[in-house]
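What follows is a set of notes on a single structure, which appears directly below.
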2 protein chains.
Amino acid sequence: MTNVHDHAYGLEKAIRESDQFQALKEAYEKVMNDASAKEMFESFRDTQIEIQEKQMQGQEITQEEVEKAQAVVEQVQQHEDISALMEKEQQLNVVINDISQIITKPLEELYGPQEDAQ
Amino acid sequence: MTNVHDHAYGLEKAIRESDQFQALKEAYEKVMNDASAKEMFESFRDTQIEIQEKQMQGQEITQEEVEKAQAVVEQVQQHEDISALMEKEQQLNVVINDISQIITKPLEELYGPQEDAQ
């Protein structure tokens with residue numbers, strides 16, 4: 001029988017060696033090695049997490065918070081290294097979403113809409 | 001370069017062929033082919049999803065809802081085929097969680113706690 005864990009480790013290695021992961025790692029390290037970029041990026045992250053947590057808890061996001069978040073997004077988008085990092089994050093996300101769709105297929109097929117459920 | 005998608009498809013196949021998935025499939029089909037078990041299982045699922053959605057939206061779960069959910073859980077636990085199905089679900093979940101931990105390691109290492117962040 002094929003071993004699930006062996007395949008998972010093979011996939012982990014493939015992710016680690018992928019162009020997308022290597023490019024992300026490079027972009028991340030560039031930002032982390034620049035104190036002001038690092039601070040700006042972390043402030044952006046904190047703002048995003050704060051808003052997400054409020055949304056998940058069903059709390060209202062105030063107009064002030066929306067404006068603050070937009071200002072932080074504009075600031076990081078104008079920073080060459082941070083916007084490059086965000087682009088690399090998105091590109092790896094596409095890969096991760098593809099993987100997730102592929103490996104959840106067996107369960108989806110099993111629990112998906114049944115013909116006799118109509 | 002190793003191909004991420006090929007590895008993902010290999011892992012999908014390994015999941016599909018695993019003892020845990022095959023056992024889950026068998027247990028699921030047994031419940032689905034028994035009209036009264038199917039109805040009981042689907043009512044259990046609906047109750048769970050309803051409560052999860054409320055929790056995610058930060059809505060309060062009433063005492064009545066808690067009691068209703070407990071009653072449904074007790075009912076399905078006493079049903080041999082459904083409790084077998086739930087056991088198989090848990091066993092496959094262990095596998096899926098293992099996989100998830102393995103393949104998110106590269107990102108965790110990158111975004112995890114930095115030594116210089118102390």
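Ligands are numbered from 1 in the order shown, chains are lettered A, B, ... in the order of the structure tokens, and residues start at 1 in each chain.
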
Query raised in the report: Per DSSP on the backbone, what are the helix (DSSP H, G or I) residues of region 57-97 of chain B, as JSON, numbers by chain?
Result: {"B": [63, 64, 65, 66, 67, 68, 69, 70, 71, 72, 73, 74, 75, 76, 77, 78, 80, 81, 82, 83, 84, 85, 86, 87, 88, 89, 90, 91, 92, 93, 94, 95, 96, 97]}

Query raised in the report: Using only C-alpha atoms, which chain B residues lie at most 9 Å away from chain A, written as a PyMOL selection string?
Result: chain B and resi 1-19+21+25+28-29+55-59+95+98-100+102-107+110-111
